[in-house]
Structures are given as C-alpha cells and as structure tokens.
$ cat start-v6.txt   # compact mmCIF, C-alpha atoms
# COMPACT_ATOMS: atom_id res chain seq x y z
CA MET A 1 0.00 0.00 0.00
CA ALA A 2 1.40 3.42 -0.98
CA ASN A 3 -0.23 5.90 1.36
CA VAL A 4 -0.47 9.53 0.22
CA ASN A 5 -1.67 12.29 2.52
CA ILE A 6 -4.38 14.70 1.38
CA VAL A 7 -3.30 18.03 2.86
CA VAL A 8 -4.59 21.59 3.16
CA PRO A 9 -2.83 23.63 0.45
CA GLU A 10 -0.85 26.76 1.20
CA LEU A 11 -3.35 29.53 1.94
CA SER A 12 -2.12 33.13 2.01
CA GLU A 13 -0.46 35.64 4.28
CA SER A 14 -3.87 36.90 5.46
CA VAL A 15 -5.63 33.50 5.61
CA VAL A 16 -4.35 31.16 8.32
CA GLU A 17 -7.25 28.77 8.76
CA ALA A 18 -9.96 27.05 6.74
CA THR A 19 -13.07 24.98 7.46
CA VAL A 20 -13.87 21.64 5.83
CA ALA A 21 -17.08 22.50 3.97
CA GLU A 22 -17.83 19.22 2.18
CA TRP A 23 -16.19 15.93 1.32
CA LEU A 24 -17.10 14.86 -2.21
CA VAL A 25 -15.67 11.37 -1.70
CA GLY A 26 -15.71 8.79 1.05
CA VAL A 27 -13.63 5.82 2.20
CA GLY A 28 -13.41 3.21 -0.53
CA ASP A 29 -13.95 5.66 -3.41
CA ALA A 30 -11.59 5.42 -6.36
CA VAL A 31 -10.28 8.75 -7.64
CA ASN A 32 -8.32 9.95 -10.64
CA VAL A 33 -5.73 12.70 -10.90
CA GLY A 34 -7.47 16.07 -10.79
CA ASP A 35 -10.70 14.81 -9.19
CA ILE A 36 -12.02 17.18 -6.52
CA LEU A 37 -11.87 15.45 -3.13
CA VAL A 38 -12.92 18.08 -0.62
CA VAL A 39 -14.04 21.71 -0.55
CA LEU A 40 -12.50 24.07 2.03
CA GLU A 41 -14.10 27.34 3.08
CA THR A 42 -11.89 30.27 4.01
CA ASP A 43 -12.87 33.76 5.07
CA LYS A 44 -12.31 34.95 1.49
CA VAL A 45 -12.82 32.14 -1.03
CA ASN A 46 -13.72 28.47 -1.25
CA LEU A 47 -10.84 26.15 -2.19
CA GLU A 48 -11.15 22.81 -3.95
CA VAL A 49 -8.55 20.20 -3.03
CA ALA A 50 -7.90 17.87 -5.94
CA ALA A 51 -6.23 14.46 -6.08
CA GLU A 52 -2.60 14.73 -7.12
CA GLN A 53 -2.44 10.96 -7.80
CA ALA A 54 -4.90 8.27 -8.76
CA GLY A 55 -5.88 5.85 -6.04
CA THR A 56 -8.46 4.92 -3.42
CA ILE A 57 -9.53 6.90 -0.34
CA THR A 58 -8.56 4.94 2.79
CA GLU A 59 -9.17 7.42 5.61
CA ILE A 60 -10.85 10.76 6.25
CA ILE A 61 -9.19 12.51 9.17
CA ALA A 62 -10.74 16.00 9.20
CA GLY A 63 -14.53 15.83 9.16
CA GLU A 64 -16.92 18.40 7.77
CA GLU A 65 -17.16 21.70 9.70
CA GLU A 66 -13.76 21.03 11.29
CA ASP A 67 -11.24 23.90 11.29
CA VAL A 68 -7.83 23.14 9.76
CA ASN A 69 -4.57 24.99 9.16
CA ALA A 70 -2.37 25.06 6.08
CA GLY A 71 -0.46 21.79 5.72
CA ALA A 72 -2.84 19.83 7.96
CA VAL A 73 -3.67 16.29 6.86
CA LEU A 74 -7.28 16.02 5.70
CA GLY A 75 -7.24 12.36 4.78
CA VAL A 76 -5.23 9.50 3.32
CA MET A 77 -5.40 7.69 0.00
CA ASP A 78 -3.77 4.54 -1.32
CA ALA A 79 -1.99 5.26 -4.59
CA SER A 80 -0.96 1.63 -5.21
CA GLY A 81 -4.15 0.75 -7.04
CA GLU A 82 -5.26 -1.82 -4.43
CA VAL A 83 -8.71 -1.67 -2.85
CA PRO A 84 -8.25 -1.08 0.91
CA ALA A 85 -10.09 -2.67 3.80
CA PRO A 86 -12.89 -0.60 5.37
CA VAL A 87 -11.76 2.12 7.77
CA ALA A 88 -14.03 3.99 10.19
CA THR A 89 -14.27 7.69 9.36
CA PRO A 90 -16.15 10.66 10.79
CA THR A 91 -18.42 10.83 7.76
CA GLN A 92 -19.57 7.19 7.66
CA ALA A 93 -21.66 5.15 10.07
CA PRO A 94 -20.38 1.62 10.89
CA GLN A 95 -23.11 -0.11 8.93
CA GLN A 96 -22.21 1.94 5.87
CA GLN A 97 -18.58 0.83 6.00
CA ALA A 98 -19.23 -2.89 6.09
CA GLN A 99 -18.99 -3.32 2.34
CA PRO A 100 -17.35 -0.28 0.75
CA GLN A 101 -17.21 -0.38 -2.99
CA PRO A 102 -14.79 1.64 -5.13
CA GLN A 103 -16.71 4.41 -6.83
CA ALA A 104 -15.84 7.03 -9.44
CA VAL A 105 -15.68 10.54 -8.04
CA ALA A 106 -17.38 12.13 -11.01
CA THR A 107 -20.80 13.36 -9.91
CA ALA A 108 -23.46 10.77 -10.72
CA SER A 109 -27.11 11.37 -11.56
CA ALA A 110 -30.40 10.38 -9.98
CA SER A 111 -33.11 8.64 -11.99
CA ASP A 112 -34.59 12.00 -12.98
CA GLY A 113 -31.25 13.29 -14.30
CA GLN A 114 -30.39 15.37 -11.23
CA LYS A 115 -26.66 15.34 -10.33
CA VAL A 116 -25.74 13.63 -7.05
CA THR A 117 -22.45 13.58 -5.14
CA PRO A 118 -21.04 10.13 -4.24
CA VAL A 119 -21.44 10.75 -0.50
CA ALA A 120 -25.08 11.71 -1.01
CA GLN A 121 -25.64 8.49 -2.99
CA ARG A 122 -24.24 6.35 -0.18
CA VAL A 123 -26.32 8.08 2.50
CA ALA A 124 -29.44 7.73 0.35
CA SER A 125 -28.80 4.03 -0.30
CA ALA A 126 -28.20 3.31 3.39
CA ASN A 127 -31.49 4.97 4.33
CA ASN A 128 -33.59 3.80 1.35
CA VAL A 129 -34.12 7.35 0.12
CA ASP A 130 -35.54 7.94 -3.36
CA LEU A 131 -33.20 10.61 -4.74
CA SER A 132 -35.80 11.78 -7.26
CA LYS A 133 -37.71 13.20 -4.29
CA VAL A 134 -34.73 15.16 -2.94
CA ALA A 135 -34.27 18.78 -4.06
CA PRO A 136 -30.72 20.19 -4.26
CA SER A 137 -30.28 23.22 -2.01
CA ASP A 138 -27.87 24.93 -4.42
CA GLY A 139 -29.90 24.09 -7.51
CA SER A 140 -27.04 22.20 -9.17
CA LYS A 141 -26.48 18.87 -7.40
CA ILE A 142 -27.78 16.85 -4.47
CA THR A 143 -25.32 16.80 -1.57
CA LYS A 144 -25.07 14.77 1.62
CA ASP A 145 -26.67 17.65 3.56
CA ASP A 146 -29.67 17.63 1.20
CA VAL A 147 -30.23 13.91 1.79
CA GLU A 148 -29.81 14.20 5.55
CA GLN A 149 -32.24 17.12 5.63
CA PHE A 150 -34.75 15.08 3.62
CA ILE A 151 -34.40 12.19 6.09
CA ALA A 152 -34.83 14.53 9.05
CA ASN A 153 -37.99 15.99 7.52
CA GLN A 154 -39.37 12.50 6.89
CA ASN A 155 -38.71 11.49 10.49
CA LYS A 156 -40.40 14.50 12.03
CA PRO A 157 -43.29 13.42 14.29
CA ALA A 158 -46.75 14.34 13.15
CA PRO A 159 -48.05 17.52 14.79
CA ALA A 160 -50.17 16.95 17.89
CA PRO A 161 -53.91 17.40 17.31
CA LYS A 162 -55.24 20.78 18.27
CA PRO A 163 -57.40 20.77 21.39
CA ALA A 164 -61.12 21.09 20.89
CA ALA A 165 -62.39 24.64 20.76
CA GLN A 166 -64.45 24.18 23.93
CA ASN A 167 -61.32 23.21 25.89
CA ARG A 168 -59.35 26.34 24.93
CA GLN A 169 -59.40 29.38 27.14
CA VAL A 170 -60.56 32.43 25.21
CA SER A 171 -58.29 35.42 25.71
CA PRO A 172 -60.06 38.55 26.99
CA PHE A 173 -57.80 40.47 24.59
CA PRO A 174 -58.42 38.87 21.18
CA SER A 175 -56.17 41.39 19.41
CA LEU A 176 -53.09 40.17 21.28
CA VAL A 177 -50.85 37.39 19.92
CA ASP A 178 -51.74 34.00 21.37
CA PRO A 179 -48.59 32.91 23.31
CA THR A 180 -49.51 29.25 22.87
CA VAL A 181 -49.04 29.45 19.11
CA GLY A 182 -45.48 28.53 18.12
CA ARG A 183 -43.44 30.97 16.05
CA ARG A 184 -41.20 29.63 13.30
CA GLU A 185 -37.48 30.11 13.69
CA GLU A 186 -34.49 28.82 11.77
CA ARG A 187 -30.99 28.54 13.17
CA ILE A 188 -28.27 28.90 10.52
CA LYS A 189 -24.57 28.56 11.22
CA LEU A 190 -22.54 31.55 10.07
CA SER A 191 -20.08 30.72 7.31
CA ARG A 192 -16.40 31.30 7.96
CA ARG A 193 -16.47 34.22 5.52
CA ARG A 194 -19.41 35.88 7.27
CA ARG A 195 -17.77 35.37 10.68
CA THR A 196 -14.56 36.96 9.41
CA ILE A 197 -16.45 39.87 7.85
CA ALA A 198 -18.19 40.49 11.18
CA THR A 199 -14.89 40.35 13.09
CA ARG A 200 -13.08 42.68 10.69
CA LEU A 201 -15.88 45.25 10.65
CA VAL A 202 -16.03 45.40 14.44
CA GLU A 203 -12.23 45.53 14.54
CA ALA A 204 -12.19 48.43 12.08
CA GLN A 205 -14.63 50.41 14.19
CA SER A 206 -12.70 49.76 17.40
CA THR A 207 -9.19 50.45 16.10
CA ALA A 208 -9.59 53.35 13.65
CA ALA A 209 -10.87 56.87 14.26
CA MET A 210 -13.38 56.75 11.42
CA LEU A 211 -15.10 59.84 10.13
CA THR A 212 -17.15 60.33 6.94
CA THR A 213 -17.49 63.36 4.70
CA PHE A 214 -20.00 63.75 1.86
CA ASN A 215 -20.36 65.54 -1.45
CA GLU A 216 -22.42 65.26 -4.63
CA ILE A 217 -21.31 64.86 -8.23
CA ASP A 218 -22.97 65.88 -11.47
CA MET A 219 -22.72 62.70 -13.55
CA LYS A 220 -23.89 64.24 -16.84
CA PRO A 221 -20.39 64.73 -18.36
CA VAL A 222 -19.46 61.07 -17.76
CA MET A 223 -22.85 59.85 -18.90
CA ASP A 224 -22.52 61.89 -22.12
CA ILE A 225 -19.10 60.33 -22.82
CA ARG A 226 -20.42 56.82 -22.20
CA LYS A 227 -23.41 57.39 -24.43
CA LYS A 228 -21.23 58.73 -27.23
CA HIS A 229 -18.48 56.09 -27.12
CA LYS A 230 -19.93 52.96 -25.47
CA GLU A 231 -20.66 51.04 -28.69
CA ARG A 232 -17.27 51.70 -30.24
CA PHE A 233 -15.58 51.02 -26.90
CA ARG A 234 -17.24 47.60 -26.67
CA GLU A 235 -16.43 46.76 -30.30
CA THR A 236 -12.80 47.74 -29.80
CA HIS A 237 -12.12 46.27 -26.37
CA GLY A 238 -14.78 43.60 -25.94
CA VAL A 239 -16.03 45.05 -22.65
CA GLY A 240 -18.52 47.74 -21.64
CA LEU A 241 -17.52 51.23 -20.53
CA GLY A 242 -18.87 51.52 -16.98
CA PHE A 243 -18.65 54.11 -14.24
CA THR A 244 -16.06 52.14 -12.27
CA SER A 245 -13.13 52.98 -14.53
CA PHE A 246 -13.90 56.71 -14.30
CA PHE A 247 -13.99 56.61 -10.51
CA VAL A 248 -10.86 54.46 -10.28
CA LYS A 249 -8.97 56.99 -12.39
CA ALA A 250 -10.43 59.90 -10.39
CA VAL A 251 -9.39 58.23 -7.12
CA VAL A 252 -5.86 57.71 -8.43
CA GLY A 253 -5.67 61.41 -9.33
CA ALA A 254 -6.93 62.40 -5.87
CA LEU A 255 -4.54 59.99 -4.12
CA LYS A 256 -1.61 61.53 -5.98
CA ALA A 257 -2.69 64.94 -4.67
CA PHE A 258 -3.37 63.69 -1.11
CA PRO A 259 -0.96 60.78 -0.49
CA TYR A 260 -1.88 60.23 3.17
CA LEU A 261 -5.13 58.63 1.99
CA ASN A 262 -3.00 56.02 0.21
CA ALA A 263 -1.20 54.95 3.37
CA GLU A 264 -1.40 52.76 6.44
CA ILE A 265 -0.34 53.10 10.07
CA ASP A 266 2.34 50.74 11.36
CA ASP A 267 2.78 51.32 15.10
CA LYS A 268 4.41 54.75 15.32
CA GLU A 269 5.06 55.12 11.60
CA VAL A 270 3.01 55.94 8.53
CA ILE A 271 3.70 53.93 5.37
CA LEU A 272 2.99 56.00 2.25
CA LYS A 273 2.24 53.77 -0.75
CA LYS A 274 3.74 54.91 -4.04
CA TYR A 275 1.55 52.51 -6.01
CA TYR A 276 -2.20 52.48 -6.52
CA ASP A 277 -3.88 49.13 -5.89
CA ILE A 278 -7.59 49.86 -5.70
CA GLY A 279 -9.96 47.35 -4.10
CA ILE A 280 -13.44 47.04 -5.63
CA ALA A 281 -16.04 45.81 -3.13
CA ILE A 282 -18.34 43.16 -4.64
CA GLY A 283 -21.43 41.86 -2.86
CA ALA A 284 -21.12 38.15 -3.73
CA GLU A 285 -23.76 35.63 -2.69
CA GLU A 286 -21.60 34.18 0.10
CA GLY A 287 -20.53 37.58 1.45
CA LEU A 288 -18.61 40.73 0.62
CA VAL A 289 -15.29 40.33 -1.19
CA VAL A 290 -12.83 43.04 -2.22
CA PRO A 291 -10.63 41.97 -5.14
CA VAL A 292 -7.80 44.34 -5.98
CA ILE A 293 -7.01 46.02 -9.30
CA ARG A 294 -3.26 46.62 -9.19
CA ASP A 295 -1.25 49.55 -10.59
CA CYS A 296 -4.37 51.42 -11.66
CA ASP A 297 -2.32 54.45 -12.64
CA ARG A 298 -0.78 52.35 -15.43
CA LEU A 299 -3.99 50.77 -16.69
CA SER A 300 -6.24 52.06 -19.44
CA PHE A 301 -9.99 52.40 -19.03
CA ALA A 302 -10.37 49.15 -20.96
CA GLY A 303 -7.85 47.42 -18.70
CA ILE A 304 -9.75 48.46 -15.58
CA GLU A 305 -13.16 47.47 -17.00
CA SER A 306 -11.83 44.07 -18.11
CA GLN A 307 -10.46 43.40 -14.63
CA VAL A 308 -13.73 44.44 -12.99
CA LYS A 309 -15.71 42.12 -15.29
CA GLU A 310 -13.36 39.21 -14.60
CA TYR A 311 -13.60 39.72 -10.83
CA ALA A 312 -17.40 40.00 -10.92
CA ILE A 313 -17.71 36.69 -12.78
CA ALA A 314 -15.21 34.94 -10.51
CA SER A 315 -16.85 36.18 -7.32
CA ASN A 316 -20.27 34.94 -8.44
CA ASP A 317 -19.11 31.47 -9.49
CA GLY A 318 -16.76 31.01 -6.54
CA THR A 319 -13.48 30.94 -8.51
CA LEU A 320 -11.95 34.12 -7.12
CA SER A 321 -8.33 33.45 -6.18
CA LEU A 322 -6.63 34.41 -2.92
CA ASP A 323 -4.06 36.42 -4.87
CA ALA A 324 -6.84 38.65 -6.17
CA LEU A 325 -7.79 39.56 -2.59
CA ARG A 326 -4.32 40.35 -1.26
CA GLY A 327 -3.24 43.88 -0.44
CA GLY A 328 -4.98 46.99 -1.68
CA THR A 329 -4.20 50.61 -0.79
CA PHE A 330 -7.68 52.15 -1.11
CA THR A 331 -11.20 50.79 -1.65
CA ILE A 332 -14.24 51.80 -3.70
CA THR A 333 -17.67 50.43 -2.81
CA ASN A 334 -20.83 51.05 -4.83
CA GLY A 335 -24.05 50.72 -2.87
CA GLY A 336 -25.85 52.48 -5.68
CA VAL A 337 -26.16 49.24 -7.65
CA PHE A 338 -28.53 48.04 -4.90
CA GLY A 339 -30.46 51.30 -4.75
CA SER A 340 -28.63 53.05 -1.90
CA MET A 341 -28.90 56.84 -1.84
CA MET A 342 -26.58 57.50 1.10
CA SER A 343 -24.35 55.44 3.40
CA THR A 344 -21.22 55.64 5.54
CA PRO A 345 -18.79 52.93 4.35
CA ILE A 346 -16.54 51.20 6.87
CA LEU A 347 -12.77 51.12 6.36
CA ASN A 348 -11.04 48.01 5.06
CA PRO A 349 -8.02 47.79 7.45
CA PRO A 350 -5.17 48.58 7.25
CA GLN A 351 -6.34 51.07 4.60
CA VAL A 352 -7.20 54.57 5.78
CA GLY A 353 -9.72 55.54 3.10
CA ILE A 354 -12.77 54.14 1.33
CA LEU A 355 -15.01 55.87 -1.23
CA GLY A 356 -18.72 55.05 -1.26
CA LEU A 357 -20.73 55.55 -4.46
CA HIS A 358 -24.51 55.75 -4.51
CA GLY A 359 -27.49 55.82 -6.83
CA ILE A 360 -27.75 58.38 -9.63
CA LYS A 361 -30.97 60.40 -9.42
CA GLU A 362 -32.19 63.36 -11.42
CA ARG A 363 -32.48 66.36 -9.13
CA PRO A 364 -32.97 70.10 -9.61
CA VAL A 365 -29.68 71.97 -9.20
CA VAL A 366 -28.59 75.56 -9.74
CA ILE A 367 -26.01 76.04 -12.51
CA ASP A 368 -24.92 79.56 -13.52
CA GLY A 369 -27.85 81.01 -11.63
CA GLU A 370 -30.46 78.84 -13.34
CA ILE A 371 -32.36 75.82 -12.06
CA THR A 372 -31.87 72.73 -14.17
CA VAL A 373 -32.31 68.98 -13.76
CA ARG A 374 -29.11 66.93 -13.67
CA PRO A 375 -28.22 63.29 -12.84
CA MET A 376 -26.63 63.62 -9.40
CA MET A 377 -24.80 61.12 -7.22
CA TYR A 378 -24.00 61.42 -3.54
CA VAL A 379 -20.50 60.21 -2.64
CA ALA A 380 -19.05 59.49 0.79
CA LEU A 381 -15.45 59.27 1.93
CA THR A 382 -14.73 57.46 5.19
CA TYR A 383 -11.20 58.06 6.45
CA ASP A 384 -8.99 57.36 9.45
CA HIS A 385 -8.80 60.62 11.38
CA ARG A 386 -5.60 59.47 13.09
CA ILE A 387 -3.54 60.45 10.05
CA VAL A 388 -6.02 62.25 7.77
CA ASP A 389 -7.44 65.60 8.81
CA GLY A 390 -10.82 66.97 7.85
CA ARG A 391 -9.32 69.48 5.44
CA GLU A 392 -7.48 66.79 3.48
CA SER A 393 -10.52 64.51 3.36
CA VAL A 394 -12.80 67.26 2.07
CA GLN A 395 -10.26 68.35 -0.51
CA PHE A 396 -9.76 64.75 -1.61
CA LEU A 397 -13.48 64.33 -2.22
CA VAL A 398 -13.65 67.69 -4.02
CA LYS A 399 -10.80 66.50 -6.24
CA VAL A 400 -12.73 63.34 -7.14
CA LYS A 401 -15.79 65.50 -7.88
CA GLU A 402 -13.79 67.85 -10.12
CA LEU A 403 -12.25 65.00 -12.12
CA ILE A 404 -15.58 63.24 -12.68
CA GLU A 405 -17.32 66.47 -13.69
CA ASP A 406 -14.47 67.28 -16.08
CA PRO A 407 -13.48 63.79 -17.25
CA GLU A 408 -10.99 65.04 -19.85
CA ARG A 409 -8.69 65.85 -16.92
CA LEU A 410 -8.54 62.14 -16.13
CA LEU A 411 -6.27 61.67 -19.14
CA ILE A 412 -3.71 63.86 -17.40
CA GLU A 413 -4.27 63.42 -13.66
CA GLY A 414 -5.61 59.85 -13.50

$ encode --input "start-v6.txt" --output "structure tokens"
Amino acid sequence: MANVNIVVPELSESVVEATVAEWLVGVGDAVNVGDILVVLETDKVNLEVAAEQAGTITEIIAGEEEDVNAGAVLGVMDASGEVPAPVATPTQAPQQQAQPQPQAVATASASDGQKVTPVAQRVASANNVDLSKVAPSDGSKITKDDVEQFIANQNKPAPAPKPAAQNRQVSPFPSLVDPTVGRREERIKLSRRRRTIATRLVEAQSTAAMLTTFNEIDMKPVMDIRKKHKERFRETHGVGLGFTSFFVKAVVGALKAFPYLNAEIDDKEVILKKYYDIGIAIGAEEGLVVPVIRDCDRLSFAGIESQVKEYAIASNDGTLSLDALRGGTFTITNGGVFGSMMSTPILNPPQVGILGLHGIKERPVVIDGEITVRPMMYVALTYDHRIVDGRESVQFLVKVKELIEDPERLLIEG
C-alpha cells in the first residue's frame, strides 16, 4: 500500500485557517488525478482540493465543519491501485462501512437526471431514500446535507392534534398574539467568511478613528461620454464602458494629490504607498469580497473594466483566487447598484480611506444662476482621522468631484 496524505494547500499571508465545507468522496472511493476530493471554506474564497495521484480513499481525518490549518492532513489515499479494507471515518456510520465499494468521483445522476455527489448516494442508499424526491439546495447537485435534511424531515413526528375549541381558554384580549401558538425560527450557522467579515468590521470600528465626509457629483459629463463612445468602446475592447473605470482613475488622481489617503499606520510610523492598488467591493452571494485592481495608474480604461468584469464573474461562481484579494491601498464600494442613496462605508483595514458611491438620481440643481435637472450622485469618503485631517478629506473628495465632472482631466491626472 502506498499511502499519500491529502493536505490543506498553502493559503495566504492573510488566511491562516480554513473549514472543511464538504467531502465529495468517502472511504473506498476510487479517484483519478485532478478529481475534486474536498471543498474548504476560508474567510475569502472556497478552495477545492484535488487528487494529485490516482488511487483509493482509505481514511478521512478531518470531518466536515472542522477547522484546519495550512499543511494539515485532511485524509489518506492509497496510490498503489489496491482496494483497501474498510476504515471507520467521521463521515460514515459503521453499517455503511461494512462493504465499501470503489466508486468514481465524477458526480453521478439520480433517476430523474439530477446530479448527485457520491457521498449523497451512499447516505441515500443506506437509508432507502428515493433521490428523485430530494431537491438540491444549491440548484445544481444533491449533496449529503440535502439527503440528511430530507431524512430529518421524513422522520419529524406528526403535529399533535389541536385541542377542541371548547377546551381552549378564550383570551379577553383577542387582538393580542396567542402565546400558545409557536413561532417559526431557523438557526443557521454563520459561514467562515461571514464570521470573518463580522470580526473585521467590528475591529475596524474599534481600532480606527473613522469619520465620513459627503459631497455630490454631477454625472452628466461622464454619462454623455459613455453614451457617445460605449458602442465603439465595446467593439474595440470587448467590454462595456462603466462608471467604475472613471472613478478608479479619479481616485488615483486624488490619491496623488493627497498621499496620506494612500497609506497605512504601522505602530508609530506611517507607510505612504507609491503605487495604486484599488480594491473594488463586490457583494457576492456568500458575502462581501474586495478583489484588488493593481497599478491602476498604469492601466487604461479598458484594462480596468476588463479586470472588474473578470472579478465579478469569478466572485459569483466562486473561482476568485486568494491572490486577487491580497493587499490593496484604497477601496471603492458602490451601494448604488442596490439602490442606496446615502451610506457611511466602513474602512477596510489597514487602509485609511474608502469611497462610497450611490445611486444616480435626477435632481434640480442651480447652474450659472439657473435651475436645471441633472443626474446627481452622492458620494461618501470614510477616512482614518488618526492620520487624515478633515481638510485633506474634504479636498480629496472635491478633487474626485472635479475629475468626474471634467473627465478630460482624467487623461492627465488619473
């Protein structure tokens, strides 16, 4: 027998721990090189651990929902090609291990064509569950959790019969809620990412002296440029011309003018960054992520838009890499895509500045002494008052406003 350890891959400088989210194989399963064995959940992305050699799973050491560090052994496989004897594991009951059969890792299908993971198939077989009656929670494939939830629902006791009306005491206050009637609740475990987001947000509020300043921007000049050039831009570069690239360039111009907003505090020193790595906050389904567009001062509008599109796709399908989330000197977050009119964004430590964008609404404004209707956007800058004063923060936001309202200046200052 040639035992090979299945280990947690190297994570990143900012990720030290992961949680075993789901095993896609069990003891006795045969696997090929490249087959996904287990999914790990980190505070930033989900990682798939693939088989580096062909063989048979002989032991699962770290069970689901167990926390593990980089380099920890998750399980063991036999790479000799021999079928191993049954081994007790955290994910299998003794009666399920009595006669393990080698099984291909590739996701199988139920009788109705629905995809099923191997572990889910074994649990269903052991409990005589008809997989055609099980609905996948993620809409793509039936997992072990789906089968176990189905079994739990089937085993729920029938509700007790309601007492006869004549035996119930009538409340003298019929408008009040009857305390005897149960109220539905659902307890859901926080994902590692959501727990980390919560910790970091509280940490940011307790360690930084955060203050927010506001302004408003006339978006008509940018909207006119987009309307005039968007078709040719897409034909030339294969990507749409959005607002993000304009604001990234405007932020770079403002950071050049006010460098302390492109810095971080290290004990008794301030580190001024001479590069411009701008984080773009994306509200993914599993939680907020902030991938970083690097060296934005050297990128074209097309380069920025292409990177934004790539990150948006990766964050939605769960393929965002840890490298994409490392670092960052300043962050832009756009609550306007969800309909927000005004908010106070929270810093992304150790950064000392974050720009919040909001919805664009037509409002009456006074221009050259006349009232006119213009598409206006409120913007908010949250900054760390420990190293950035109010004057600098206001001037920074005014600089962003000036560059967006006169976008030709972005060619020079962005």

$ atom_distance --input "start-v6.txt" --atom1 "atom CA of Pro345 of chain A" --atom2 "atom CA of Gly318 of chain A"
24.6 Å

$ residues_near_point --input "start-v6.txt" --point "(-2.1, 19.0, -0.5)" --cutoff "10 Å" --atoms "all atoms listed in the file" --output "PyMOL selection string"
chain A and resi 4-10+49-52+70-75

$ write_last_selection --input "start-v6.txt" --atoms "C-alpha atoms" --output "compact mmCIF listing (two decimals), keeping the file's coordinate frame"
# COMPACT_ATOMS: atom_id res chain seq x y z
CA VAL A 4 -0.47 9.53 0.22
CA ASN A 5 -1.67 12.29 2.52
CA ILE A 6 -4.38 14.70 1.38
CA VAL A 7 -3.30 18.03 2.86
CA VAL A 8 -4.59 21.59 3.16
CA PRO A 9 -2.83 23.63 0.45
CA GLU A 10 -0.85 26.76 1.20
CA VAL A 49 -8.55 20.20 -3.03
CA ALA A 50 -7.90 17.87 -5.94
CA ALA A 51 -6.23 14.46 -6.08
CA GLU A 52 -2.60 14.73 -7.12
CA ALA A 70 -2.37 25.06 6.08
CA GLY A 71 -0.46 21.79 5.72
CA ALA A 72 -2.84 19.83 7.96
CA VAL A 73 -3.67 16.29 6.86
CA LEU A 74 -7.28 16.02 5.70
CA GLY A 75 -7.24 12.36 4.78

$ residues_around --input "start-v6.txt" --residues "segment 238-242 of chain A" --least-positions-apart "4" --cutoff "10 Å" --atoms "all atoms listed in the file" --output "count of residues only"
22

$ atom_distance --input "start-v6.txt" --atom1 "atom CA of Asp295 of chain A" --atom2 "atom CA of Ile271 of chain A"
17.3 Å

$ residues_around --input "start-v6.txt" --residues "Gly359 of chain A" --least-positions-apart "4" --cutoff "8 Å" --atoms "only C-alpha atoms" --output "number ranges by chain"
A: 335-337, 339-341, 377-378

$ closest_residue --input "start-v6.txt" --among "A:Gly369, A:Pro364, A:Gly26, A:Pro350" --to "Thr207 of chain A" --atoms "only C-alpha atoms"
A:Pro350

$ atom_distance --input "start-v6.txt" --atom1 "atom CA of Ile412 of chain A" --atom2 "atom CA of Tyr276 of chain A"
15.8 Å

$ closest_residue --input "start-v6.txt" --among "A:Lys141, A:Ala30, A:Ala54, A:Val45" --to "Thr196 of chain A" --atoms "only C-alpha atoms"
A:Val45

$ closest_residue --input "start-v6.txt" --among "A:Ile360, A:Ala324, A:Leu24, A:Val270" --to "Ile36 of chain A" --atoms "all atoms listed in the file"
A:Leu24

$ residues_around --input "start-v6.txt" --residues "Glu413 of chain A" --least-positions-apart "5" --cutoff "10 Å" --atoms "only C-alpha atoms" --output "list in words"
Lys249, Ala250, Val251, Val252, Gly253, Ala254, Lys256, Ala257, Asp297, Leu403, Pro407 and Glu408 of chain A

$ decode --input "start-v6.txt" --residues "segment 317-334 of chain A" --atoms "N, CA and C atoms" --output "mmCIF file, in the first residue's frame"
data_model
loop_
_atom_site.group_PDB
_atom_site.id
_atom_site.type_symbol
_atom_site.label_atom_id
_atom_site.label_comp_id
_atom_site.auth_asym_id
_atom_site.auth_seq_id
_atom_site.Cartn_x
_atom_site.Cartn_y
_atom_site.Cartn_z
ATOM 1 N N ASP A 317 -19.189 32.927 -9.311
ATOM 2 C CA ASP A 317 -19.109 31.467 -9.493
ATOM 3 C C ASP A 317 -18.135 30.801 -8.524
ATOM 4 N N GLY A 318 -17.590 31.588 -7.592
ATOM 5 C CA GLY A 318 -16.757 31.011 -6.538
ATOM 6 C C GLY A 318 -15.340 30.669 -6.952
ATOM 7 N N THR A 319 -14.838 31.259 -8.031
ATOM 8 C CA THR A 319 -13.483 30.939 -8.506
ATOM 9 C C THR A 319 -12.476 32.058 -8.236
ATOM 10 N N LEU A 320 -12.858 33.020 -7.425
ATOM 11 C CA LEU A 320 -11.952 34.121 -7.119
ATOM 12 C C LEU A 320 -10.740 33.589 -6.358
ATOM 13 N N SER A 321 -9.553 33.964 -6.793
ATOM 14 C CA SER A 321 -8.330 33.454 -6.178
ATOM 15 C C SER A 321 -7.941 34.282 -4.967
ATOM 16 N N LEU A 322 -7.123 33.681 -4.090
ATOM 17 C CA LEU A 322 -6.634 34.407 -2.924
ATOM 18 C C LEU A 322 -5.718 35.549 -3.333
ATOM 19 N N ASP A 323 -4.954 35.364 -4.408
ATOM 20 C CA ASP A 323 -4.060 36.421 -4.873
ATOM 21 C C ASP A 323 -4.832 37.679 -5.233
ATOM 22 N N ALA A 324 -6.039 37.500 -5.769
ATOM 23 C CA ALA A 324 -6.845 38.654 -6.174
ATOM 24 C C ALA A 324 -7.297 39.478 -4.983
ATOM 25 N N LEU A 325 -7.281 38.887 -3.781
ATOM 26 C CA LEU A 325 -7.787 39.560 -2.594
ATOM 27 C C LEU A 325 -6.680 40.119 -1.703
ATOM 28 N N ARG A 326 -5.441 39.894 -2.081
ATOM 29 C CA ARG A 326 -4.320 40.352 -1.257
ATOM 30 C C ARG A 326 -4.067 41.845 -1.452
ATOM 31 N N GLY A 327 -3.703 42.500 -0.354
ATOM 32 C CA GLY A 327 -3.242 43.877 -0.439
ATOM 33 C C GLY A 327 -4.368 44.862 -0.683
ATOM 34 N N GLY A 328 -4.050 45.898 -1.433
ATOM 35 C CA GLY A 328 -4.981 46.985 -1.676
ATOM 36 C C GLY A 328 -4.585 48.199 -0.862
ATOM 37 N N THR A 329 -4.582 49.381 -1.488
ATOM 38 C CA THR A 329 -4.200 50.608 -0.791
ATOM 39 C C THR A 329 -5.373 51.530 -0.537
ATOM 40 N N PHE A 330 -6.480 51.311 -1.244
ATOM 41 C CA PHE A 330 -7.684 52.146 -1.113
ATOM 42 C C PHE A 330 -8.837 51.328 -1.684
ATOM 43 N N THR A 331 -10.053 51.588 -1.210
ATOM 44 C CA THR A 331 -11.202 50.789 -1.649
ATOM 45 C C THR A 331 -12.334 51.677 -2.161
ATOM 46 N N ILE A 332 -13.024 51.164 -3.182
ATOM 47 C CA ILE A 332 -14.238 51.802 -3.701
ATOM 48 C C ILE A 332 -15.387 50.811 -3.536
ATOM 49 N N THR A 333 -16.486 51.272 -2.960
ATOM 50 C CA THR A 333 -17.670 50.429 -2.811
ATOM 51 C C THR A 333 -18.873 51.154 -3.393
ATOM 52 N N ASN A 334 -19.714 50.431 -4.115
ATOM 53 C CA ASN A 334 -20.835 51.049 -4.827
ATOM 54 C C ASN A 334 -22.159 50.477 -4.338
#
